[in-house]
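All remarks here apply to the structure that follows.
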Amino acid sequence: MANLVPLENSIPVAPLKLAALKGCEEMAQTINQYLVQFRKDLISHHNSRLNLSGYVGDSFLINCDCPRFGTGEAKGRLMDSVRGADLFLLVDVCNWSITYKAFGHTNHMSPDDHFQDLKRIIAAANGKAHRINVIMPFMYEGRQHKRTSRESLDCALALQELSNMGVSNIITFDAHDPRVMNSIPLSGFDNFMPTYQFLKALIKSVPDLHLDNDHLMIISPDEGAMSRAVYFSNILGVDMGMFYKRRDYSTIVNGKNPIVAHEFLGDSVMGKDVIIIDDMISSGESMLDVAKQVKERGAARVFVCTTFGLFTDGLEKFDEFYKKGYIEKIITTDLTYRTPNLLGREWYEPASMGKYIASIIDILNHDVSVDKVRSTTKKITKLLEKCR
């Protein structure tokens, strides 16, 4: 267990409890299994915690639910006690596969529905749990993080609402803009990156990948992904290029200005494998255009690594680009819902995050520095040494 040393010299804030909202049950089971094993490993090395109530056990999961009335209204309900517990709530606001009935009609849950259910469970636990922590991998309204005209600031409002309800820590992954934490300066907000998991999945699925400057290049598909691409290229010791989007600001299509062209800045990609790194694939339009352009510039193979694979417009376009050779592999985490069709695609590779989340929970429960799990540079360096 990687976090053994700091945990041996600390005690937990309170007994650990984990609750998964609808759509997160599978991930919660994986996290729970790792947590159980972590605690057993720690006890075997350091048995002073044998008398701490609830420190070890067969499960840390509790049951919760948000049953609905015929009108679609709901209430939050906890089926197990959380009195005095350090409660972690896991929610996937992008899981559209969950449905509910309203006036006899079947509705798919939207991010708004998931966020309301989260608040209901928080309200049910408030005044009972010792501390409430929210694990929200895809930040609710994270894409509405800034105001450009007469617009609402939804992400900031949501974070303030959770903070005002008594949430102590908010844990997210690859936030679209981490500066949203400025809206809750007195609350805990931790943003983690899946760089190590990307590399691990990529090396596993592409055994002939050469991780050196002569054979590999990192590409940022736009200005917003620059920081991710810079870290990725620096840790690998390879060159980086960037595309920037030229938009038509005189026109609005589906609520946004359409992209006129992608312009490239950087060295030649001729004959090199390329990794395109970003935070999400939504419709995939801009990502696929970037992949096509680097192939037309002479790139060998194109790999795409994004934290969240939403695929809001379906998979057909990705199938087409795979058959044409524009993309070789797409890697996303399992932090959001993925359809069975996506999991069966030859071009898709998942990056598992359950163990990483379990490590984060364990660290926070012991109230020690999250830098132990945030900084993955040493792990990446060891992985690269092994591969090279």
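In the structure tokens, chains take letters A, B, ... by order of appearance, with residues numbered from 1 within each chain and ligands from 1 in the order shown.
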Cut-off 12 Å: closest range 246-363 of chain A/range 87-102 of chain A atom pairs per residue, using only C-alpha atoms, as JSON lines:
```
{"residue": "A:Ser282", "atom": "CA", "partner": "A:Cys94", "partner_atom": "CA", "distance": 11.1}
{"residue": "A:Phe308", "atom": "CA", "partner": "A:Cys94", "partner_atom": "CA", "distance": 9.7}
{"residue": "A:Gly309", "atom": "CA", "partner": "A:Cys94", "partner_atom": "CA", "distance": 10.2}
{"residue": "A:Leu310", "atom": "CA", "partner": "A:Cys94", "partner_atom": "CA", "distance": 7.9}
{"residue": "A:Phe311", "atom": "CA", "partner": "A:Cys94", "partner_atom": "CA", "distance": 11.1}
{"residue": "A:Thr312", "atom": "CA", "partner": "A:Trp96", "partner_atom": "CA", "distance": 10.3}
{"residue": "A:Asp334", "atom": "CA", "partner": "A:Asp92", "partner_atom": "CA", "distance": 10.5}
{"residue": "A:Leu335", "atom": "CA", "partner": "A:Asp92", "partner_atom": "CA", "distance": 7.5}
{"residue": "A:Thr336", "atom": "CA", "partner": "A:Asp92", "partner_atom": "CA", "distance": 6.0}
{"residue": "A:Tyr337", "atom": "CA", "partner": "A:Asn95", "partner_atom": "CA", "distance": 5.1}
{"residue": "A:Arg338", "atom": "CA", "partner": "A:Asn95", "partner_atom": "CA", "distance": 8.3}
{"residue": "A:Thr339", "atom": "CA", "partner": "A:Ser97", "partner_atom": "CA", "distance": 8.5}
{"residue": "A:Pro340", "atom": "CA", "partner": "A:Ser97", "partner_atom": "CA", "distance": 11.1}
{"residue": "A:Gly354", "atom": "CA", "partner": "A:Leu90", "partner_atom": "CA", "distance": 11.7}
{"residue": "A:Ile357", "atom": "CA", "partner": "A:Leu90", "partner_atom": "CA", "distance": 10.2}
{"residue": "A:Ala358", "atom": "CA", "partner": "A:Phe88", "partner_atom": "CA", "distance": 10.8}
{"residue": "A:Ile360", "atom": "CA", "partner": "A:Phe88", "partner_atom": "CA", "distance": 10.9}
{"residue": "A:Ile361", "atom": "CA", "partner": "A:Phe88", "partner_atom": "CA", "distance": 7.8}
{"residue": "A:Asp362", "atom": "CA", "partner": "A:Phe88", "partner_atom": "CA", "distance": 10.6}
```
Can those selected residues be exported to a file as a compact mmCIF listing (two decimals), in the first residue's frame so that it contains C-alpha atoms?
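Result file result14.txt:
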```txt
# COMPACT_ATOMS: atom_id res chain seq x y z
CA SER A 282 -18.36 15.63 -25.40
CA PHE A 308 -14.29 11.93 -19.29
CA GLY A 309 -15.70 10.12 -22.32
CA LEU A 310 -19.25 11.46 -22.65
CA PHE A 311 -19.84 10.77 -26.38
CA THR A 312 -23.02 12.85 -26.38
CA ASP A 334 -14.27 4.99 -15.58
CA LEU A 335 -15.28 8.04 -13.53
CA THR A 336 -18.48 8.60 -15.52
CA TYR A 337 -21.07 6.30 -17.03
CA ARG A 338 -19.97 4.38 -20.12
CA THR A 339 -22.43 2.50 -22.31
CA PRO A 340 -22.01 -1.23 -22.97
CA GLY A 354 -11.12 2.85 -8.20
CA ILE A 357 -10.12 7.12 -5.25
CA ALA A 358 -9.78 4.63 -2.39
CA ILE A 360 -7.71 9.59 -1.61
CA ILE A 361 -10.51 8.59 0.77
CA ASP A 362 -8.10 6.80 3.09
```
**Prompt:** as a PyMOL selection string, which residues of range 252-352 of chain A does DSSP assign to strand (DSSP E or B)?
**Reply:** chain A and resi 253+256+259-265+273-281+302-309+329-333+348-351
**Prompt:** Nearest to Ile218 in chain A among A:Asp65, A:Asp278, A:Asp190, A:Glu161, with distances taken over only C-alpha atoms: which residue is it?
**Reply:**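 Residue with the minimum atom-to-atom distance to Ile218 in chain A: A:Asp278.
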**Item:** Test item: residues at most 12 Å from Val373 in chain A, only C-alpha atoms, excluding those fewer than 4 positions along its chain, as JSON, numbers by chain
**Value:** {"A": [1, 2, 3, 4, 6, 190, 191, 192, 193, 194, 196, 355, 356, 357, 358, 359, 360, 361, 362, 363, 364, 368, 369, 377, 378, 379]}
**Request:** Would you mind listing what lies within 7 Å of Gly84 in chain A as a list in words, with only C-alpha atoms counted and same-chain residues fewer than 3 positions away left out?
**Result:** Ala14, Lys128, Ala129 and His130 of chain A
Closest pair table for range 279-386 of chain A residues within 9 Å of range 236-255 of chain A, only C-alpha atoms, as CSV:
```
residue,atom,partner,partner_atom,distance
A:Ser286,CA,A:Lys245,CA,8.6
A:Val290,CA,A:Phe243,CA,7.5
A:Ile380,CA,A:Leu236,CA,8.9
A:Thr381,CA,A:Leu236,CA,8.6
A:Leu384,CA,A:Leu236,CA,8.0
```
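Ranking A:Ile331, A:Ala229, A:Ile219, A:Ile203 by their shortest atom-to-atom distance to Val294 in chain A, with only C-alpha atoms included, puts A:Ile219 first.
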Do a neighbour search on His105 in chain A at 12 Å with only C-alpha atoms, toss out local chain neighbours closer than 6 positions, and write the hits as a PDB file with all heavy atoms, in the first residue's frame.
```
ATOM      1  N   GLY A  70     -45.258  10.148  -7.399  1.00  0.00           N
ATOM      2  CA  GLY A  70     -45.781  10.077  -8.759  1.00  0.00           C
ATOM      3  C   GLY A  70     -45.563  11.346  -9.556  1.00  0.00           C
ATOM      4  O   GLY A  70     -45.567  11.326 -10.792  1.00  0.00           O
ATOM      5  N   THR A  71     -45.375  12.467  -8.871  1.00  0.00           N
ATOM      6  CA  THR A  71     -45.148  13.740  -9.551  1.00  0.00           C
ATOM      7  C   THR A  71     -43.692  13.907  -9.996  1.00  0.00           C
ATOM      8  O   THR A  71     -43.358  14.866 -10.686  1.00  0.00           O
ATOM      9  CB  THR A  71     -45.499  14.907  -8.617  1.00  0.00           C
ATOM     10  OG1 THR A  71     -44.740  14.761  -7.408  1.00  0.00           O
ATOM     11  CG2 THR A  71     -46.979  14.913  -8.289  1.00  0.00           C
ATOM     12  N   GLY A  72     -42.822  12.997  -9.550  1.00  0.00           N
ATOM     13  CA  GLY A  72     -41.406  13.126  -9.845  1.00  0.00           C
ATOM     14  C   GLY A  72     -40.621  13.733  -8.706  1.00  0.00           C
ATOM     15  O   GLY A  72     -39.387  13.741  -8.730  1.00  0.00           O
ATOM     16  N   THR A  99     -33.236   6.223 -14.833  1.00  0.00           N
ATOM     17  CA  THR A  99     -34.537   6.798 -15.182  1.00  0.00           C
ATOM     18  C   THR A  99     -35.456   6.865 -13.962  1.00  0.00           C
ATOM     19  O   THR A  99     -35.224   6.191 -12.956  1.00  0.00           O
ATOM     20  CB  THR A  99     -35.239   5.973 -16.278  1.00  0.00           C
ATOM     21  OG1 THR A  99     -35.434   4.622 -15.806  1.00  0.00           O
ATOM     22  CG2 THR A  99     -34.402   5.940 -17.552  1.00  0.00           C
TER      23      THR A  99
END
```
